[in-house]
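Undergrad: Have a look at this one before I ask anything.
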Amino acid sequence: MFGFLRKESSAVAAPVSGRCIRLEEVADKVFSSKMMGDGFAVIPKDDTAVAPVDGEIVMIAETKHAFGIKTKAGMELLVHIGLDTVDLKGEGFTVLAKQGSRVRAGEPVIRFDREGLEKKGIDMTTMVIFTGGYEKDIDLEAFGQEVGAGEAVLEG
């Protein structure tokens, strides 16, 4: 009834359902070397990327393969769907949320044609990168395990 009074959660959730892996295991040096920041990744088994935190969508890539979220507490995250997916120029991606909108963890943001893209040889591993406001080590109990989209994997 008074949902607007609900406190924003600081937990970080999986952006997609699938197997959670360490960023170092991602088959792309930009991510595995943490050049863009630390984080974690999920090898998806479904086709919808959800908000990993409660916050504002501050960026949706023109190519629809990535989005950024900022929490009220100042934590900034980038969700990047797939490797080299920027080259697809939006093909296979549908944006479900608007830049500037507030979302709750678990709300759908982008749908993608996982099977179609994988048939083209595209690795759909989805990364969550902390680009600001989070300095703790990322050592998840979920590494190597199946996680559900919107399921908390890290306390903020």
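So you can find residues: chains in the structure tokens are A, B, ... in the order shown, residues in each start at 1, and ligands are numbered from 1 in order.
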Hey, could you make a per-residue contact list for stretch 37-111 of chain A against stretch 136-147 of chain A with 10 Å as the cut-off, showing the nearest pair of atoms and its distance in Å to one decimal, counting only C-alpha atoms, sorted by chain and number, as JSON lines?

TA:
```
{"residue": "A:Asp38", "atom": "CA", "partner": "A:Ile138", "partner_atom": "CA", "distance": 7.4}
{"residue": "A:Gly39", "atom": "CA", "partner": "A:Ile138", "partner_atom": "CA", "distance": 6.5}
{"residue": "A:Phe40", "atom": "CA", "partner": "A:Ile138", "partner_atom": "CA", "distance": 7.6}
{"residue": "A:Ala41", "atom": "CA", "partner": "A:Phe143", "partner_atom": "CA", "distance": 9.0}
{"residue": "A:Val42", "atom": "CA", "partner": "A:Val147", "partner_atom": "CA", "distance": 8.2}
{"residue": "A:Ile43", "atom": "CA", "partner": "A:Glu146", "partner_atom": "CA", "distance": 9.2}
{"residue": "A:Pro44", "atom": "CA", "partner": "A:Val147", "partner_atom": "CA", "distance": 9.5}
{"residue": "A:Lys45", "atom": "CA", "partner": "A:Glu146", "partner_atom": "CA", "distance": 9.6}
```

Undergrad: Here is a test: counting only C-alpha atoms, which residue of A:Asp84, A:Asp46, A:Glu151, A:Glu76 is nearest to A:Phe112?

TA: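 Ranked by minimum distance to A:Phe112, first place goes to A:Asp46.
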
Undergrad: Write out as a list in words all residues of stretch 16-143 of chain A that DSSP puts in helix (DSSP H, G or I) for this structure's backbone.

TA: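 Checking each residue of stretch 16-143 of chain A, the helix (DSSP H, G or I) ones are Leu23, Glu24, Glu25, Lys29, Val30, Phe31, Ser32, Thr85, Val86, Asp87, Leu88, Arg114, Glu115, Gly116, Leu117, Glu118 and Lys119 of chain A.
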
Undergrad: Extract the full set of strand (DSSP E or B) residues from stretch 16-126 of chain A according to DSSP on the backbone, and format it as an MDAnalysis selection string.

TA: chainID A and resid 18:22 39:44 48:50 55:60 66:70 76:81 93:95 102:103 108:112 126

Undergrad: Within 9 Å of A:Met124, counting only C-alpha atoms, which residues qualify if same-chain residues fewer than 5 places away don't, as an MDAnalysis selection string?

TA: chainID A and resid 42:44 81:83 85 114 117:118

Undergrad: Can I get the selected residues back with C-alpha atoms, as a short mmCIF file (atom, residue, chain, number, x, y, z; two decimals), in the first residue's frame?

TA:
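The result, written out as result.cif:
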```cif
data_model
loop_
_atom_site.label_atom_id
_atom_site.label_comp_id
_atom_site.auth_asym_id
_atom_site.auth_seq_id
_atom_site.Cartn_x
_atom_site.Cartn_y
_atom_site.Cartn_z
CA VAL A 42 26.49 -14.88 -15.53
CA ILE A 43 26.31 -17.29 -18.48
CA PRO A 44 22.62 -16.87 -19.33
CA ILE A 81 25.00 -8.36 -22.35
CA GLY A 82 27.26 -10.62 -24.40
CA LEU A 83 30.74 -10.24 -25.86
CA THR A 85 27.52 -7.47 -29.06
CA ARG A 114 19.83 -15.62 -26.80
CA LEU A 117 22.64 -14.87 -31.17
CA GLU A 118 24.34 -18.02 -29.87
#
```

Undergrad: Given only C-alpha atoms as the basis, pick out the residue of A:Lys120, A:His65, A:Arg111, A:Arg102 nearest to A:Lys89.

TA: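 Answer, going by the shortest atom-to-atom distance: A:His65.
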
Undergrad: Provide the atom CA of A:Thr125 to atom CA of A:Met75 distance in Å, to one decimal place.

TA: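 These atoms are spaced 22.4 Å apart.
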
Undergrad: Mind dumping a table of every stretch 97-132 of chain A residue within 8 Å of stretch 52-64 of chain A, with the nearest atom pair and its distance in Å to one decimal, using only C-alpha atoms, sorted by chain and rising number, as a Markdown table?

TA:
```
| residue | atom | partner | partner_atom | distance |
| --- | --- | --- | --- | --- |
| A:Lys98 | CA | A:Ile57 | CA | 7.2 |
| A:Gln99 | CA | A:Ile57 | CA | 5.1 |
| A:Gly100 | CA | A:Ile57 | CA | 5.3 |
| A:Ser101 | CA | A:Glu56 | CA | 5.6 |
| A:Arg102 | CA | A:Glu56 | CA | 4.3 |
| A:Val103 | CA | A:Gly55 | CA | 5.6 |
| A:Arg104 | CA | A:Asp54 | CA | 4.1 |
| A:Ala105 | CA | A:Val53 | CA | 4.3 |
| A:Gly106 | CA | A:Pro52 | CA | 6.3 |
| A:Ile110 | CA | A:Lys64 | CA | 7.5 |
```

Undergrad: Those residues with N, CA and C atoms, as a compact mmCIF listing (two decimals), in the first residue's frame please?

TA:
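Result file follows (result-v2.txt):
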```
# COMPACT_ATOMS: atom_id res chain seq x y z
N LYS A 98 12.99 2.62 -19.86
CA LYS A 98 13.46 3.89 -20.43
C LYS A 98 14.60 4.47 -19.62
N GLN A 99 15.52 5.11 -20.31
CA GLN A 99 16.57 5.84 -19.63
C GLN A 99 15.92 6.92 -18.78
N GLY A 100 16.40 7.07 -17.55
CA GLY A 100 15.83 8.06 -16.63
C GLY A 100 14.77 7.48 -15.71
N SER A 101 14.31 6.26 -15.98
CA SER A 101 13.28 5.67 -15.13
C SER A 101 13.91 5.00 -13.91
N ARG A 102 13.13 4.93 -12.83
CA ARG A 102 13.56 4.23 -11.62
C ARG A 102 13.08 2.79 -11.72
N VAL A 103 13.94 1.87 -11.35
CA VAL A 103 13.61 0.45 -11.40
C VAL A 103 13.97 -0.20 -10.08
N ARG A 104 13.35 -1.32 -9.85
CA ARG A 104 13.67 -2.15 -8.68
C ARG A 104 14.47 -3.35 -9.18
N ALA A 105 15.33 -3.87 -8.33
CA ALA A 105 16.09 -5.07 -8.68
C ALA A 105 15.12 -6.15 -9.14
N GLY A 106 15.43 -6.77 -10.26
CA GLY A 106 14.60 -7.83 -10.81
C GLY A 106 13.65 -7.38 -11.90
N ILE A 110 16.12 -5.27 -20.59
CA ILE A 110 16.39 -5.59 -22.00
C ILE A 110 16.11 -7.07 -22.25
```

Undergrad: From the list A:Met36, A:Val128, A:Val30, A:Ala49, which residue is nearest A:Gly148 when using only C-alpha atoms?

TA: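 Residue with the minimum atom-to-atom distance to A:Gly148: A:Ala49.
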
Undergrad: Nearest residue to A:Val50 out of A:Met127, A:Ala152, A:Ile122, A:Val16, using only C-alpha atoms?

TA: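 Smallest separation from A:Val50 among the options: A:Val16.
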